[in-house]
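**Student:** What follows is final.txt, compact mmCIF, C-alpha atoms and all ligand atoms.
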# COMPACT_ATOMS: atom_id res chain seq x y z
CA MET A 1 0.00 0.00 0.00
CA ASP A 2 1.55 3.29 -1.01
CA PHE A 3 1.64 6.41 1.11
CA LEU A 4 -1.02 8.26 -0.88
CA THR A 5 -3.53 5.44 -0.38
CA LEU A 6 -2.73 5.39 3.34
CA PHE A 7 -3.16 9.15 3.52
CA LEU A 8 -6.52 8.99 1.76
CA ILE A 9 -7.71 6.27 4.14
CA TYR A 10 -6.53 8.40 7.06
CA LEU A 11 -8.32 11.47 5.67
CA CYS A 12 -11.57 9.52 5.26
CA PHE A 13 -11.15 8.14 8.75
CA VAL A 14 -10.62 11.60 10.28
CA LEU A 15 -13.67 12.96 8.42
CA ALA A 16 -15.77 10.02 9.61
CA VAL A 17 -14.58 10.52 13.20
CA THR A 18 -15.35 14.25 12.97
CA ALA A 19 -18.86 13.49 11.74
CA LEU A 20 -19.36 10.99 14.54
CA LEU A 21 -18.09 13.44 17.13
CA CYS A 22 -20.56 16.04 15.84
CA LEU A 23 -23.28 13.42 16.18
CA CYS A 24 -22.20 12.60 19.72
CA SER A 25 -21.84 16.24 20.73
CA GLY A 26 -25.62 16.58 21.22
CA ARG A 27 -26.01 19.71 19.07
CA LYS A 28 -29.34 18.66 17.66
CA GLU A 29 -29.83 21.89 15.76
CA SER A 30 -26.70 21.62 13.62
CA PHE A 31 -27.10 20.92 9.91
CA LEU A 32 -24.53 18.11 10.02
CA THR A 33 -26.31 16.40 12.92
CA ARG A 34 -29.65 16.61 11.17
CA SER A 35 -28.15 15.21 7.96
CA ILE A 36 -26.45 12.35 9.78
CA ASN A 37 -29.65 11.58 11.69
CA ARG A 38 -31.60 11.40 8.45
CA ALA A 39 -28.90 9.20 6.86
CA SER A 40 -28.93 6.97 9.96
CA GLN A 41 -32.71 6.59 9.72
CA VAL A 42 -32.43 5.59 6.06
CA LEU A 43 -29.52 3.22 6.72
CA SER A 44 -31.30 1.62 9.69
CA LEU A 45 -33.97 0.41 7.26
CA VAL A 46 -31.34 -1.26 5.09
CA ILE A 47 -28.71 -2.55 7.53
CA PRO A 48 -29.59 -5.74 9.45
CA THR A 49 -30.42 -5.28 13.15
CA GLN A 50 -27.57 -7.54 14.28
CA LEU A 51 -25.03 -5.47 12.36
CA GLN A 52 -26.48 -2.26 13.82
CA ARG A 53 -26.11 -3.64 17.34
CA VAL A 54 -22.48 -4.64 16.72
CA THR A 55 -21.75 -1.19 15.24
CA HIS A 56 -23.33 0.56 18.23
CA GLN A 57 -21.29 -1.56 20.62
CA ALA A 58 -18.10 -0.85 18.68
CA LEU A 59 -18.80 2.90 18.65
CA HIS A 60 -19.65 2.86 22.34
CA ARG A 61 -16.42 1.03 23.06
CA LEU A 62 -14.45 3.51 20.95
CA PHE A 63 -15.93 6.75 22.26
CA HIS A 64 -17.40 5.97 25.66
CA THR A 65 -14.71 3.80 27.25
CA ARG A 66 -11.03 4.44 27.70
CA SER A 67 -9.23 2.76 24.85
CA CYS A 68 -5.66 2.88 23.56
CA LEU A 69 -6.80 2.35 19.98
CA PHE A 70 -6.55 5.99 18.96
CA MET A 71 -3.18 6.37 20.72
CA VAL A 72 -1.86 3.40 18.73
CA LEU A 73 -3.31 4.88 15.55
CA HIS A 74 -1.73 8.25 16.39
CA VAL A 75 1.72 6.69 16.82
CA ALA A 76 1.26 4.50 13.73
CA LEU A 77 0.40 7.51 11.58
CA GLN A 78 3.40 9.46 12.85
CA ALA A 79 5.60 6.40 12.23
CA ALA A 80 4.22 6.10 8.67
CA VAL A 81 4.81 9.80 7.93
CA PHE A 82 8.32 9.84 9.38
CA GLY A 83 9.18 6.47 7.83
CA GLU A 84 8.37 7.91 4.41
CA TYR A 85 10.11 11.18 5.24
CA THR A 86 13.30 9.42 6.37
CA TRP A 87 13.30 6.78 3.66
CA GLU A 88 12.83 9.05 0.68
CA VAL A 89 12.60 12.79 1.38
CA PHE A 90 15.51 13.00 3.83
CA VAL A 91 17.84 10.87 1.71
CA TYR A 92 17.13 12.76 -1.53
CA CYS A 93 17.31 16.14 0.20
CA TRP A 94 20.62 15.18 1.71
CA GLU A 95 21.93 14.33 -1.76
CA LEU A 96 20.57 17.66 -3.02
CA GLN A 97 22.59 19.34 -0.24
CA PHE A 98 19.69 20.80 1.72
CA HIS A 99 20.73 22.43 4.99
CA LEU A 100 21.08 19.78 7.71
CA LEU A 101 19.21 21.86 10.31
CA LEU A 102 16.22 22.15 8.00
CA LEU A 103 16.18 18.39 7.47
CA LEU A 104 16.47 17.68 11.20
CA LEU A 105 13.81 20.22 12.22
CA PRO A 106 10.88 17.76 11.81
CA TYR A 107 12.67 15.24 14.08
CA LEU A 108 13.29 17.89 16.77
CA LEU A 109 9.65 18.93 16.66
CA LEU A 110 8.58 15.28 16.72
CA ALA A 111 10.61 14.69 19.88
CA GLY A 112 8.93 17.66 21.55
CA ASN A 113 5.54 16.51 20.36
CA LEU A 114 6.01 12.97 21.66
CA GLY A 115 7.06 14.40 25.05
CA CYS A 116 3.90 16.52 25.21
CA PHE A 117 1.83 13.56 24.01
CA LEU A 118 3.10 11.34 26.83
CA LEU A 119 2.68 14.07 29.44
CA CYS A 120 -0.82 14.83 28.23
CA SER A 121 -1.94 11.22 28.25
CA ARG A 122 -0.34 10.34 31.58
CA ALA A 123 -1.02 13.54 33.53
CA ASN A 124 -3.84 13.92 36.00
CA PRO A 125 -6.21 16.36 34.24
CA GLY A 126 -7.47 17.73 37.56
CA THR A 127 -9.61 15.02 39.08
CA VAL A 128 -12.07 16.28 41.66
CA THR A 129 -11.93 14.08 44.74
CA LYS A 130 -13.51 14.21 48.18
CA SER A 131 -10.25 15.54 49.59
CA ASN A 132 -9.78 18.44 47.14
CA ALA A 133 -13.41 19.28 46.26
CA ALA A 134 -13.79 21.82 49.09
CA SER A 135 -10.74 23.81 47.93
CA LEU A 136 -11.56 23.54 44.19
CA VAL A 137 -15.06 24.91 44.80
CA LYS A 138 -13.45 28.22 45.79
CA VAL A 139 -11.30 28.54 42.65
CA TYR A 140 -13.96 29.77 40.17
CA ALA A 141 -17.17 31.69 40.82
CA TYR A 142 -20.50 30.05 39.87
CA ASP A 143 -22.19 31.95 37.05
CA GLY A 144 -25.64 30.61 37.98
CA VAL A 145 -26.32 29.63 34.36
CA LEU A 146 -23.92 26.94 33.29
CA PHE A 147 -22.72 26.20 36.77
CA GLN A 148 -24.95 26.12 39.84
CA ARG A 149 -23.64 26.15 43.38
CA GLY A 150 -24.39 23.14 45.56
CA LEU A 151 -24.77 20.49 42.83
CA VAL A 152 -23.36 17.09 43.74
CA CYS A 153 -22.09 14.58 41.19
CA PRO A 154 -24.22 11.45 41.70
CA THR A 155 -21.37 9.18 40.61
CA CYS A 156 -18.43 10.74 42.45
CA THR A 157 -20.62 12.07 45.34
CA VAL A 158 -18.60 15.31 45.51
CA GLU A 159 -19.77 18.89 45.16
CA LYS A 160 -19.12 19.99 41.58
CA PRO A 161 -16.80 23.02 41.36
CA ALA A 162 -17.64 25.70 38.79
CA ARG A 163 -16.34 24.84 35.29
CA SER A 164 -15.99 21.16 36.21
CA LYS A 165 -17.76 18.23 34.55
CA HIS A 166 -18.11 14.54 35.08
CA CYS A 167 -16.40 12.58 32.30
CA SER A 168 -18.37 9.44 31.54
CA VAL A 169 -15.33 7.90 29.83
CA CYS A 170 -12.89 8.44 32.71
CA ARG A 171 -15.75 8.08 35.25
CA THR A 172 -14.54 11.00 37.31
CA CYS A 173 -15.24 14.70 37.73
CA VAL A 174 -12.57 16.92 36.18
CA HIS A 175 -11.78 20.46 37.29
CA ARG A 176 -12.04 23.07 34.48
CA PHE A 177 -13.12 20.27 32.15
CA ASP A 178 -12.39 21.02 28.50
CA HIS A 179 -13.08 17.76 26.70
CA HIS A 180 -12.13 14.10 26.64
CA CYS A 181 -9.48 13.60 23.96
CA VAL A 182 -9.51 10.16 22.36
CA TRP A 183 -6.08 10.74 20.78
CA VAL A 184 -4.32 11.10 24.12
CA ASN A 185 -6.91 8.85 25.83
CA ASN A 186 -7.33 11.31 28.68
CA CYS A 187 -9.43 14.22 29.80
CA ILE A 188 -8.17 17.73 29.19
CA GLY A 189 -8.66 19.71 32.35
CA ALA A 190 -7.07 22.38 34.53
CA SER A 191 -3.87 20.43 35.17
CA ASN A 192 -2.98 19.34 31.64
CA ALA A 193 -4.54 22.07 29.47
CA ALA A 194 -1.16 23.80 29.06
CA VAL A 195 0.56 20.57 27.99
CA PHE A 196 -2.32 19.85 25.60
CA LEU A 197 -1.90 23.26 24.00
CA LEU A 198 1.84 22.63 23.60
CA TYR A 199 1.03 19.21 22.17
CA LEU A 200 -1.27 20.75 19.57
CA LEU A 201 1.25 23.47 18.67
CA SER A 202 4.12 20.99 18.34
CA LEU A 203 1.96 18.61 16.29
CA THR A 204 0.99 21.40 13.91
CA ALA A 205 4.59 22.59 13.68
CA THR A 206 5.76 19.03 12.99
CA ALA A 207 3.25 18.54 10.20
CA GLY A 208 4.12 21.98 8.80
CA ALA A 209 7.86 21.25 8.85
CA VAL A 210 7.45 17.89 7.09
CA ALA A 211 5.15 19.52 4.52
CA ALA A 212 7.56 22.42 3.93
CA VAL A 213 10.64 20.21 3.44
CA THR A 214 8.70 17.76 1.24
CA ALA A 215 7.30 20.59 -0.90
CA ALA A 216 10.77 22.15 -1.24
CA PHE A 217 12.17 18.76 -2.24
CA LEU A 218 9.43 18.13 -4.79
CA ILE A 219 9.80 21.55 -6.41
CA HIS A 220 13.59 21.26 -6.44
CA HIS A 221 13.52 17.70 -7.76
CA LEU A 222 10.88 18.44 -10.39
CA PHE A 223 12.63 21.59 -11.50
CA LEU A 224 15.89 19.73 -12.04
CA THR A 225 14.18 16.83 -13.81
CA PHE A 226 11.40 18.55 -15.80
CA PRO A 227 12.19 22.29 -15.97
CA ARG A 228 9.85 23.00 -18.89
CA ILE A 229 6.97 21.16 -17.21
CA VAL A 230 7.51 23.16 -13.99
CA PHE A 231 7.44 26.45 -15.93
CA MET A 232 4.35 25.34 -17.81
CA LEU A 233 2.69 24.25 -14.55
CA GLY A 234 3.43 27.60 -12.92
CA PHE A 235 2.02 29.43 -15.93
CA VAL A 236 -1.11 27.27 -16.08
CA ILE A 237 -1.75 27.69 -12.32
CA LEU A 238 -1.39 31.46 -12.66
CA LEU A 239 -3.63 31.45 -15.72
CA THR A 240 -6.26 29.39 -13.90
CA LEU A 241 -6.28 31.83 -10.98
CA VAL A 242 -6.47 34.92 -13.18
CA LEU A 243 -9.08 33.48 -15.56
CA GLY A 244 -11.03 32.01 -12.66
CA GLY A 245 -11.19 35.43 -11.02
CA TYR A 246 -12.27 37.18 -14.21
CA CYS A 247 -14.76 34.41 -14.99
CA SER A 248 -16.31 34.78 -11.50
CA PHE A 249 -16.55 38.55 -11.98
CA SER A 250 -18.19 38.15 -15.41
CA LEU A 251 -20.62 35.62 -13.99
CA TYR A 252 -21.50 38.04 -11.19
CA LEU A 253 -22.16 40.78 -13.76
CA ALA A 254 -24.32 38.44 -15.83
CA LEU A 255 -26.33 37.30 -12.81
CA THR A 256 -26.94 40.91 -11.71
CA ASN A 257 -27.52 42.19 -15.27
CA GLN A 258 -24.69 44.71 -15.29
CA THR A 259 -22.07 45.50 -17.88
CA THR A 260 -18.45 46.07 -16.90
CA ASN A 261 -18.90 49.72 -17.89
CA GLU A 262 -21.92 50.10 -15.59
CA TRP A 263 -20.13 48.35 -12.74
CA CYS A 264 -17.10 50.68 -13.06
CA LYS A 265 -19.30 53.79 -13.19
CA SER A 266 -21.50 52.61 -10.33
CA ARG A 267 -18.46 52.59 -8.01
CA ARG A 268 -18.62 56.39 -8.08
CA PHE A 269 -22.23 56.42 -6.89
CA GLY A 270 -22.14 53.73 -4.21
CA GLY A 271 -23.86 51.29 -6.54
CA SER A 272 -26.30 48.63 -5.56
CA PRO A 273 -27.36 45.73 -7.76
CA HIS A 274 -30.96 45.92 -6.53
CA LEU A 275 -34.00 47.59 -7.95
CA PRO A 276 -34.54 51.29 -7.35
CA SER A 277 -36.09 52.80 -4.27
CA GLN A 278 -34.60 56.25 -4.47
CA PRO A 279 -36.33 58.68 -2.13
CA GLN A 280 -36.84 62.21 -3.30
CA ASP A 281 -34.48 65.09 -2.46
CA ARG A 282 -31.47 62.83 -1.85
CA PRO A 283 -28.07 62.80 -3.58
CA LEU A 284 -27.89 60.60 -6.64
CA VAL A 285 -27.34 56.97 -5.72
CA TYR A 286 -26.91 54.45 -8.49
CA LYS A 287 -29.46 51.65 -8.51
CA ASN A 288 -29.41 48.84 -11.03
CA ILE A 289 -32.84 49.01 -12.64
CA TYR A 290 -32.06 46.35 -15.25
CA SER A 291 -31.83 43.39 -12.87
CA LYS A 292 -34.86 41.11 -13.07
CA GLY A 293 -33.70 38.20 -10.98
CA ILE A 294 -30.89 35.72 -11.51
CA TRP A 295 -32.56 33.44 -14.05
CA ARG A 296 -34.11 36.19 -16.14
CA ASN A 297 -30.80 38.09 -16.11
CA LEU A 298 -29.00 34.99 -17.33
CA LYS A 299 -31.67 34.40 -19.94
CA GLU A 300 -31.17 37.93 -21.22
CA ILE A 301 -27.47 37.23 -21.85
CA PHE A 302 -28.28 34.26 -24.08
CA ASN A 303 -31.39 35.81 -25.59
CA PRO A 304 -30.79 39.59 -25.75
CA PRO A 305 -33.91 41.76 -26.06
CA THR A 306 -34.73 43.54 -29.29
CA ALA A 307 -36.50 46.85 -29.93
CA GLY A 308 -39.84 45.06 -30.33
CA SER A 309 -39.54 42.97 -27.18
CA GLN A 310 -40.78 43.86 -23.70
CA SER A 311 -37.24 44.20 -22.35
CA SER A 312 -36.76 47.88 -23.16
CA LEU A 313 -36.58 50.26 -20.20
CA ALA A 314 -40.37 50.59 -20.17
CA GLY A 315 -40.78 46.84 -20.53
CA ILE A 316 -38.31 46.04 -17.77
CA ALA A 317 -39.95 48.29 -15.25
CA GLY A 318 -43.43 47.28 -16.32
CA TYR A 319 -44.20 50.74 -17.75
CA ASN A 320 -45.54 51.59 -21.20
CA ASP A 321 -45.37 54.64 -23.46
CA ALA A 322 -48.68 56.08 -22.25
CA PHE A 323 -47.47 55.80 -18.69
CA ILE A 324 -44.22 57.62 -19.48
CA ASP A 325 -46.04 60.39 -21.36
CA GLN A 326 -48.38 60.87 -18.42
CA TYR A 327 -45.46 60.79 -16.04
CA ILE A 328 -43.57 63.52 -17.90
CA ARG A 329 -46.69 65.67 -18.21
CA LEU A 330 -47.33 65.53 -14.46
CA LEU A 331 -43.69 66.19 -13.76
CA VAL A 332 -43.67 69.32 -15.88
CA GLN A 333 -46.85 70.38 -14.20
CA ASP A 334 -45.24 69.90 -10.79
CA ILE A 335 -42.28 72.04 -11.78
CA LYS A 336 -44.54 74.75 -13.08
CA GLU A 337 -46.41 74.79 -9.80
CA LYS A 338 -43.05 75.10 -8.01
CA ARG A 339 -43.67 72.13 -5.85
CA ASN A 340 -39.94 71.33 -6.06
CA THR A 341 -40.57 67.70 -6.78
CA ALA A 342 -37.32 65.76 -7.28
CA VAL A 343 -37.07 63.61 -10.35
CA PRO A 344 -36.94 60.02 -9.29
CA CYS A 345 -35.63 57.67 -11.92
CA LEU A 346 -38.67 55.46 -11.97
CA GLY A 347 -40.82 56.55 -9.05
CA ARG A 348 -44.49 56.82 -9.97
CA PRO A 349 -46.12 60.24 -9.28
CA GLU A 350 -49.57 60.32 -7.83
CA GLY A 351 -52.27 60.00 -10.40
CA VAL A 352 -50.27 57.91 -12.81
CA ARG A 353 -51.91 54.62 -13.61
CA LEU A 354 -50.47 51.78 -15.58
CA LYS A 355 -52.43 50.79 -18.63
CA ALA A 356 -53.91 47.34 -18.17
ZN ZN B 401 -18.29 12.85 38.84
ZN ZN B 402 -12.22 11.70 30.33
Go through the file and emit its structure as structure tokens.
Ligand SMILES: [Zn+2]
Ligand SMILES: [Zn+2]

**Tutor:**
Amino acid sequence: MDFLTLFLIYLCFVLAVTALLCLCSGRKESFLTRSINRASQVLSLVIPTQLQRVTHQALHRLFHTRSCLFMVLHVALQAAVFGEYTWEVFVYCWELQFHLLLLLLPYLLLAGNLGCFLLCSRANPGTVTKSNAASLVKVYAYDGVLFQRGLVCPTCTVEKPARSKHCSVCRTCVHRFDHHCVWVNNCIGASNAAVFLLYLLSLTATAGAVAAVTAAFLIHHLFLTFPRIVFMLGFVILLTLVLGGYCSFSLYLALTNQTTNEWCKSRRFGGSPHLPSQPQDRPLVYKNIYSKGIWRNLKEIFNPPTAGSQSSLAGIAGYNDAFIDQYIRLLVQDIKEKRNTAVPCLGRPEGVRLKA
């Protein structure tokens, strides 16, 4: 099995675990939870009952009991990554005369990460016991919402300090409980939160260092072996980004029924792609009066209106020639009477009626 296949399996596994964790988190309102619930309901009709029971037991064993499985998987994945790194990347980079410190950086970070991993998994996260409960209760104030004073854990029979929680996996109350981490097979609480943070940082740095050296090696190696292909690849990537950006912009214009010229000019007037609602006596604000909804806008691109069609200005706004004549007549009348009526682009003066 090659590394890429292993990586893809790992990626699928991580995504599946993430989905399961979302399901177990109890956030019923989340979209993901609802989708998984629906999928589970459909699958439960197809999958035999015996298989469902075995799956439930396996999931319960994985996520609701302390198990070293994820720790073993964690170490196995690191071993696989560093085995590949040492076997191929390190050797080739050494031959290509990469700086030794750069090549050793992933190993140094790995050593730090493994130290944090061990500390995190072995450390007491801050177990609340009968002997320390009285003192831990005084550490944080009760907010009266999430944490109520005087509550006793029915399992541990100790008063629960503020910000603590009973972990059903570890079967103990943990002070300043954060979460139960399956990867380190331990709770993350007040006493090991700092080590956990260092563990996460070192793990990220390790992955980043391996990725950086591997990417540098690949670019260097490819450039030496296939220089023309590398140049072509760079050009095509750049072209894709530039054309993709311009294509997205053109699509946006088409969907909002604007031309590039209109879009550029509208910048000066604080343009809006929506239909007009310009109040009278206000500074000119550009409003896109040509937009008729996404699908009709798109249709207009492929089937442009002609002089005889209903997509002229009057047709777009739902006005006809008689309406416009009447509108202008009333407007002139308003001006004559010095009513100082502003000229809205398409606002309808009183008395104007559309012809049926
Ligand atoms: Zn408890
Ligand atoms: Zn726990």

**Student:** Using only C-alpha atoms and all ligand atoms, determine which residues fall within 10 Å of ligand ZN 402 (chain B), then list them as a ChimeraX atom specification.

**Tutor:** /A:64-66,125,127,165-174,177-182,185-189

**Student:** Just the number, please: distance in Å from atom CA of His74 of chain A to atom CA of Tyr199 of chain A, one decimal.

**Tutor:**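 Computing the Euclidean distance for atom CA of His74 of chain A and atom CA of Tyr199 of chain A yields 12.7 Å.
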
**Student:** What is the atom CA of Ser291 of chain A-atom CA of Leu255 of chain A distance in Å, reported with one decimal?

**Tutor:**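 Going from atom CA of Ser291 of chain A over to atom CA of Leu255 of chain A covers 8.2 Å.
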
**Student:** Point out the residue among A:Ala190, A:Val128, A:Ile229, A:Val139 with the least atom-to-atom distance to ligand ZN 401 (chain B), counting only C-alpha atoms and all ligand atoms.

**Tutor:**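 Among the listed residues, the smallest separation from ligand ZN 401 (chain B) belongs to A:Val128.
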
**Student:** To one decimal place, how far is atom CA of Ala16 of chain A from atom CA of Gly115 of chain A in Å?

**Tutor:**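 Calculated distance between atom CA of Ala16 of chain A and atom CA of Gly115 of chain A is 27.9 Å.
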
**Student:** Can you work out which one of A:Asp143, A:Glu300, A:Glu159, A:Glu84 has the shortest atom-to-atom distance to ligand ZN 401 (chain B), counting all atoms listed in the file?

**Tutor:**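 Ranked by minimum distance to ligand ZN 401 (chain B), first place goes to A:Glu159.
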
**Student:** Can you work out which one of A:Thr225, A:Ala211, A:Val236, A:Gln57 has the shortest atom-to-atom distance to Pro106 of chain A, counting all atoms listed in the file?

**Tutor:**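 Smallest distance to Pro106 of chain A is found for A:Ala211.
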
**Student:** Compare A:Cys264, A:Leu203, A:Ile289, A:Leu96 by their minimum atom-to-atom distance to Ile219 of chain A, counting all atoms listed in the file, and give me the closest one.

**Tutor:**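 For Ile219 of chain A, the nearest of the candidates is A:Leu96.
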
**Student:** Looking at only C-alpha atoms and all ligand atoms, which of A:Arg34, A:Lys160, A:Lys292, A:Arg53 is the one that sits closest to ligand ZN 401 (chain B)?

**Tutor:** A:Lys160

**Student:** Of the residues A:Phe302, A:Phe70, A:Phe117, A:Phe90, which is the one nearest to Ala216 of chain A, using all atoms listed in the file?

**Tutor:**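 Nearest to Ala216 of chain A: A:Phe90.
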